[in-house]
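Listing of entry-v7.txt; format and content: compact mmCIF, N, CA and C atoms.
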# COMPACT_ATOMS: atom_id res chain seq x y z
N MET M 1 0.85 -1.17 0.00
CA MET M 1 0.00 0.00 0.00
C MET M 1 0.90 1.24 0.00
N PRO M 2 0.58 2.24 -0.78
CA PRO M 2 1.38 3.46 -0.82
C PRO M 2 1.34 4.18 0.54
N PRO M 3 2.44 4.84 0.91
CA PRO M 3 2.50 5.52 2.20
C PRO M 3 1.39 6.55 2.42
N LEU M 4 0.98 7.24 1.39
CA LEU M 4 -0.08 8.24 1.52
C LEU M 4 -1.39 7.59 1.93
N ARG M 5 -1.69 6.46 1.33
CA ARG M 5 -2.93 5.74 1.64
C ARG M 5 -2.90 5.23 3.09
N VAL M 6 -1.77 4.70 3.53
CA VAL M 6 -1.63 4.22 4.90
C VAL M 6 -1.84 5.38 5.87
N ASN M 7 -1.29 6.54 5.54
CA ASN M 7 -1.41 7.72 6.39
C ASN M 7 -2.88 8.13 6.53
N LYS M 8 -3.64 8.11 5.43
CA LYS M 8 -5.06 8.46 5.48
C LYS M 8 -5.83 7.47 6.35
N ILE M 9 -5.53 6.18 6.21
CA ILE M 9 -6.20 5.15 7.01
C ILE M 9 -5.90 5.36 8.49
N MET M 10 -4.65 5.65 8.81
CA MET M 10 -4.26 5.88 10.21
C MET M 10 -5.01 7.09 10.78
N LYS M 11 -5.12 8.16 10.00
CA LYS M 11 -5.82 9.36 10.47
C LYS M 11 -7.29 9.05 10.72
N LYS M 12 -7.92 8.33 9.80
CA LYS M 12 -9.34 7.98 9.98
C LYS M 12 -9.53 7.07 11.19
N SER M 13 -8.63 6.12 11.36
CA SER M 13 -8.71 5.21 12.51
C SER M 13 -8.55 5.98 13.81
N SER M 14 -7.60 6.90 13.84
CA SER M 14 -7.37 7.71 15.04
C SER M 14 -8.59 8.56 15.36
N LEU M 15 -9.19 9.13 14.34
CA LEU M 15 -10.38 9.95 14.53
C LEU M 15 -11.52 9.11 15.08
N LEU M 16 -11.70 7.91 14.56
CA LEU M 16 -12.76 7.02 15.03
C LEU M 16 -12.53 6.64 16.49
N VAL M 17 -11.31 6.32 16.85
CA VAL M 17 -10.99 5.96 18.24
C VAL M 17 -11.27 7.14 19.16
N CYS M 18 -10.85 8.33 18.78
CA CYS M 18 -11.08 9.53 19.59
C CYS M 18 -12.57 9.81 19.75
N ALA M 19 -13.32 9.70 18.67
CA ALA M 19 -14.76 9.94 18.73
C ALA M 19 -15.44 8.93 19.65
N THR M 20 -15.02 7.68 19.56
CA THR M 20 -15.60 6.64 20.41
C THR M 20 -15.30 6.92 21.88
N MET M 21 -14.07 7.31 22.17
CA MET M 21 -13.70 7.61 23.55
C MET M 21 -14.47 8.82 24.07
N TRP M 22 -14.67 9.82 23.22
CA TRP M 22 -15.41 11.00 23.63
C TRP M 22 -16.85 10.65 23.96
N VAL M 23 -17.49 9.85 23.11
CA VAL M 23 -18.88 9.44 23.35
C VAL M 23 -18.96 8.60 24.62
N ALA M 24 -18.02 7.68 24.81
CA ALA M 24 -18.03 6.83 26.00
C ALA M 24 -17.82 7.65 27.27
N SER M 25 -17.05 8.72 27.18
CA SER M 25 -16.80 9.54 28.37
C SER M 25 -18.03 10.32 28.80
N CYS M 26 -19.01 10.44 27.93
CA CYS M 26 -20.23 11.15 28.26
C CYS M 26 -21.23 10.27 29.01
N ALA M 27 -20.97 8.99 29.05
CA ALA M 27 -21.88 8.09 29.74
C ALA M 27 -21.83 8.36 31.24
N PRO M 28 -22.97 8.20 31.92
CA PRO M 28 -22.95 8.43 33.37
C PRO M 28 -22.08 7.38 34.05
N PRO M 29 -21.48 7.73 35.19
CA PRO M 29 -20.65 6.75 35.88
C PRO M 29 -21.53 5.59 36.37
N PRO M 30 -20.95 4.40 36.46
CA PRO M 30 -21.75 3.27 36.93
C PRO M 30 -22.17 3.49 38.38
N VAL M 31 -23.35 3.02 38.69
CA VAL M 31 -23.88 3.13 40.03
C VAL M 31 -23.44 1.91 40.82
N ALA M 32 -22.80 2.15 41.96
CA ALA M 32 -22.35 1.04 42.79
C ALA M 32 -23.55 0.41 43.49
N ILE M 33 -23.69 -0.89 43.35
CA ILE M 33 -24.76 -1.61 44.01
C ILE M 33 -24.24 -2.02 45.38
N PRO M 34 -24.96 -1.70 46.45
CA PRO M 34 -24.47 -2.07 47.78
C PRO M 34 -24.28 -3.58 47.91
N LEU M 35 -23.26 -3.95 48.63
CA LEU M 35 -23.01 -5.37 48.89
C LEU M 35 -24.07 -5.90 49.86
N PRO M 36 -24.43 -7.18 49.74
CA PRO M 36 -25.35 -7.76 50.72
C PRO M 36 -24.66 -7.79 52.09
N ASP M 37 -25.45 -7.66 53.16
CA ASP M 37 -24.90 -7.62 54.53
C ASP M 37 -23.72 -6.64 54.58
N ALA M 38 -23.96 -5.44 54.10
CA ALA M 38 -22.89 -4.46 53.90
C ALA M 38 -22.08 -4.14 55.14
N ASP M 39 -22.64 -4.34 56.32
CA ASP M 39 -21.92 -4.03 57.56
C ASP M 39 -21.24 -5.25 58.17
N SER M 40 -21.31 -6.38 57.48
CA SER M 40 -20.71 -7.60 58.02
C SER M 40 -19.19 -7.55 57.88
N PRO M 41 -18.47 -8.34 58.68
CA PRO M 41 -17.00 -8.36 58.56
C PRO M 41 -16.52 -8.75 57.17
N GLY M 42 -17.20 -9.70 56.52
CA GLY M 42 -16.80 -10.13 55.18
C GLY M 42 -16.94 -9.01 54.16
N ALA M 43 -18.05 -8.28 54.22
CA ALA M 43 -18.26 -7.17 53.30
C ALA M 43 -17.24 -6.06 53.57
N ARG M 44 -16.94 -5.82 54.83
CA ARG M 44 -15.94 -4.81 55.19
C ARG M 44 -14.58 -5.16 54.61
N ILE M 45 -14.18 -6.43 54.76
CA ILE M 45 -12.89 -6.89 54.22
C ILE M 45 -12.89 -6.72 52.70
N MET M 46 -14.00 -7.06 52.08
CA MET M 46 -14.09 -6.96 50.63
C MET M 46 -13.98 -5.51 50.17
N LYS M 47 -14.72 -4.62 50.82
CA LYS M 47 -14.69 -3.20 50.44
C LYS M 47 -13.30 -2.60 50.65
N GLU M 48 -12.67 -2.92 51.78
CA GLU M 48 -11.37 -2.34 52.10
C GLU M 48 -10.25 -2.85 51.20
N ASN M 49 -10.34 -4.10 50.77
CA ASN M 49 -9.23 -4.70 50.03
C ASN M 49 -9.46 -4.76 48.53
N CYS M 50 -10.63 -5.15 48.09
CA CYS M 50 -10.87 -5.29 46.65
C CYS M 50 -10.90 -3.93 45.96
N SER M 51 -11.37 -2.93 46.68
CA SER M 51 -11.50 -1.62 46.05
C SER M 51 -10.17 -0.90 45.90
N GLN M 52 -9.08 -1.47 46.37
CA GLN M 52 -7.78 -0.85 46.15
C GLN M 52 -7.37 -0.90 44.68
N CYS M 53 -7.86 -1.91 43.96
CA CYS M 53 -7.53 -2.04 42.53
C CYS M 53 -8.75 -1.87 41.63
N HIS M 54 -9.92 -2.21 42.12
CA HIS M 54 -11.15 -2.14 41.32
C HIS M 54 -12.33 -2.10 42.28
N GLY M 55 -13.50 -1.89 41.75
CA GLY M 55 -14.68 -1.92 42.60
C GLY M 55 -14.92 -3.31 43.16
N ALA M 56 -15.47 -3.36 44.34
CA ALA M 56 -15.78 -4.66 44.95
C ALA M 56 -16.89 -5.33 44.14
N PRO M 57 -16.64 -6.54 43.65
CA PRO M 57 -17.67 -7.22 42.86
C PRO M 57 -18.78 -7.76 43.75
N GLN M 58 -19.93 -7.92 43.18
CA GLN M 58 -21.02 -8.54 43.92
C GLN M 58 -20.68 -10.02 44.16
N PRO M 59 -20.95 -10.54 45.34
CA PRO M 59 -20.69 -11.96 45.60
C PRO M 59 -21.41 -12.89 44.62
N SER M 60 -22.53 -12.43 44.08
CA SER M 60 -23.28 -13.24 43.13
C SER M 60 -22.64 -13.28 41.74
N THR M 61 -21.49 -12.65 41.58
CA THR M 61 -20.76 -12.69 40.32
C THR M 61 -20.31 -14.12 40.01
N HIS M 62 -20.01 -14.89 41.05
CA HIS M 62 -19.52 -16.26 40.89
C HIS M 62 -20.34 -17.22 41.73
N VAL M 63 -20.30 -18.50 41.35
CA VAL M 63 -20.86 -19.54 42.21
C VAL M 63 -19.83 -19.84 43.29
N SER M 64 -20.29 -20.45 44.35
CA SER M 64 -19.46 -20.67 45.54
C SER M 64 -18.12 -21.35 45.24
N VAL M 65 -18.14 -22.38 44.41
CA VAL M 65 -16.90 -23.13 44.16
C VAL M 65 -15.87 -22.33 43.38
N GLU M 66 -16.27 -21.25 42.74
CA GLU M 66 -15.32 -20.43 41.98
C GLU M 66 -14.56 -19.43 42.86
N TRP M 67 -15.18 -19.03 43.98
CA TRP M 67 -14.60 -17.95 44.77
C TRP M 67 -13.21 -18.22 45.33
N PRO M 68 -12.89 -19.41 45.84
CA PRO M 68 -11.52 -19.60 46.36
C PRO M 68 -10.44 -19.31 45.31
N GLY M 69 -10.63 -19.76 44.09
CA GLY M 69 -9.66 -19.50 43.03
C GLY M 69 -9.58 -18.02 42.68
N VAL M 70 -10.74 -17.35 42.65
CA VAL M 70 -10.76 -15.91 42.34
C VAL M 70 -10.04 -15.14 43.45
N VAL M 71 -10.34 -15.47 44.70
CA VAL M 71 -9.72 -14.77 45.83
C VAL M 71 -8.20 -14.99 45.81
N ASP M 72 -7.77 -16.22 45.61
CA ASP M 72 -6.33 -16.49 45.59
C ASP M 72 -5.63 -15.75 44.45
N ARG M 73 -6.29 -15.68 43.29
CA ARG M 73 -5.71 -14.96 42.15
C ARG M 73 -5.58 -13.47 42.47
N MET M 74 -6.63 -12.90 43.10
CA MET M 74 -6.60 -11.49 43.46
C MET M 74 -5.56 -11.22 44.55
N LEU M 75 -5.42 -12.14 45.50
CA LEU M 75 -4.41 -11.96 46.55
C LEU M 75 -3.01 -11.99 45.95
N ASP M 76 -2.82 -12.82 44.93
CA ASP M 76 -1.54 -12.85 44.24
C ASP M 76 -1.28 -11.52 43.53
N HIS M 77 -2.31 -10.97 42.88
CA HIS M 77 -2.17 -9.66 42.23
C HIS M 77 -1.79 -8.59 43.26
N ARG M 78 -2.46 -8.63 44.41
CA ARG M 78 -2.18 -7.65 45.47
C ARG M 78 -0.72 -7.71 45.88
N THR M 79 -0.22 -8.93 46.09
CA THR M 79 1.17 -9.10 46.51
C THR M 79 2.12 -8.54 45.47
N ARG M 80 1.85 -8.85 44.20
CA ARG M 80 2.72 -8.35 43.13
C ARG M 80 2.68 -6.84 43.00
N LYS M 81 1.57 -6.22 43.40
CA LYS M 81 1.46 -4.76 43.33
C LYS M 81 2.01 -4.10 44.60
N GLY M 82 2.44 -4.90 45.56
CA GLY M 82 3.04 -4.35 46.76
C GLY M 82 2.09 -4.09 47.92
N TYR M 83 0.84 -4.53 47.80
CA TYR M 83 -0.09 -4.37 48.91
C TYR M 83 0.20 -5.43 49.96
N PRO M 84 -0.11 -5.15 51.22
CA PRO M 84 0.13 -6.15 52.26
C PRO M 84 -0.79 -7.36 52.07
N PRO M 85 -0.31 -8.53 52.47
CA PRO M 85 -1.13 -9.73 52.31
C PRO M 85 -2.33 -9.71 53.26
N LEU M 86 -3.35 -10.43 52.90
CA LEU M 86 -4.53 -10.60 53.74
C LEU M 86 -4.19 -11.66 54.78
N SER M 87 -4.59 -11.46 56.01
CA SER M 87 -4.33 -12.48 57.02
C SER M 87 -5.16 -13.73 56.72
N ALA M 88 -4.73 -14.86 57.25
CA ALA M 88 -5.47 -16.11 57.04
C ALA M 88 -6.89 -15.99 57.59
N ASN M 89 -7.03 -15.30 58.72
CA ASN M 89 -8.35 -15.11 59.32
C ASN M 89 -9.24 -14.26 58.42
N ASP M 90 -8.70 -13.17 57.87
CA ASP M 90 -9.48 -12.32 56.97
C ASP M 90 -9.84 -13.05 55.69
N ARG M 91 -8.94 -13.87 55.18
CA ARG M 91 -9.23 -14.66 53.98
C ARG M 91 -10.39 -15.61 54.25
N THR M 92 -10.36 -16.27 55.41
CA THR M 92 -11.44 -17.20 55.78
C THR M 92 -12.76 -16.46 55.92
N THR M 93 -12.74 -15.32 56.60
CA THR M 93 -13.96 -14.52 56.78
C THR M 93 -14.50 -14.06 55.43
N LEU M 94 -13.62 -13.62 54.56
CA LEU M 94 -14.03 -13.18 53.22
C LEU M 94 -14.66 -14.33 52.44
N LEU M 95 -14.02 -15.50 52.46
CA LEU M 95 -14.57 -16.64 51.72
C LEU M 95 -15.90 -17.10 52.29
N GLU M 96 -16.07 -17.07 53.60
CA GLU M 96 -17.36 -17.43 54.20
C GLU M 96 -18.45 -16.48 53.72
N TYR M 97 -18.12 -15.20 53.68
CA TYR M 97 -19.07 -14.19 53.20
C TYR M 97 -19.42 -14.44 51.73
N LEU M 98 -18.40 -14.68 50.91
CA LEU M 98 -18.64 -14.91 49.48
C LEU M 98 -19.44 -16.18 49.24
N HIS M 99 -19.16 -17.23 49.99
CA HIS M 99 -19.92 -18.48 49.85
C HIS M 99 -21.38 -18.26 50.22
N LYS M 100 -21.61 -17.51 51.28
CA LYS M 100 -22.98 -17.25 51.74
C LYS M 100 -23.81 -16.50 50.70
N HIS M 101 -23.16 -15.59 49.96
CA HIS M 101 -23.91 -14.73 49.03
C HIS M 101 -23.61 -15.04 47.55
N ALA M 102 -22.96 -16.16 47.30
CA ALA M 102 -22.61 -16.53 45.92
C ALA M 102 -23.86 -16.83 45.09
N ARG M 103 -23.69 -16.77 43.79
CA ARG M 103 -24.77 -17.11 42.87
C ARG M 103 -25.11 -18.59 43.02
N GLU M 104 -26.35 -18.90 42.94
CA GLU M 104 -26.80 -20.29 43.01
C GLU M 104 -26.42 -21.03 41.73
N VAL M 105 -26.06 -22.27 41.87
CA VAL M 105 -25.76 -23.10 40.70
C VAL M 105 -27.10 -23.50 40.08
N THR M 106 -27.22 -23.26 38.77
CA THR M 106 -28.45 -23.64 38.08
C THR M 106 -28.15 -24.84 37.18
N PRO M 107 -29.02 -25.83 37.22
CA PRO M 107 -28.78 -27.03 36.40
C PRO M 107 -28.86 -26.78 34.92

This structure in structure tokens:
Amino acid sequence: MPPLRVNKIMKKSSLLVCATMWVASCAPPPVAIPLPDADSPGARIMKENCSQCHGAPQPSTHVSVEWPGVVDRMLDHRTRKGYPPLSANDRTTLLEYLHKHAREVTP
């Protein structure tokens, strides 16, 4: 392809990306849905720790058997980012909370 044609395509692509980002930035911010049992120790641990990198997900995002793997993966991310580790007691409390409010398995 001739360099002039590539340059025109790049300019059009850049314009499209910028326009898309501008339109997306006009969207209202997402509304945070309160966690179930929001004042419980498990919800407190979740809000204090998960929100350091992203919003705290709803426990119903996963079924119960998925949460241990998700929590361990997130704890690994925290460690790599330099955040202090979660105590074993806090991890247990968090998992109990997530299991209690996890999405039901549907057949």

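In this comparison, which uses only N, CA and C atoms, the residue of M:Ala38, M:Ala43, M:Ile33, M:Cys50 approaching Leu94 (chain M) most closely is M:Ala43.
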
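When all atoms listed in the file are used to measure the gap to Val65 (chain M), the shortest distance among M:Asn49, M:Pro34, M:His77, M:His99 belongs to M:His99.
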
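Using all atoms listed in the file, the nearest neighbour of Leu98 (chain M) within the list M:Pro36, M:Pro41, M:Pro85, M:Pro59 is M:Pro59.
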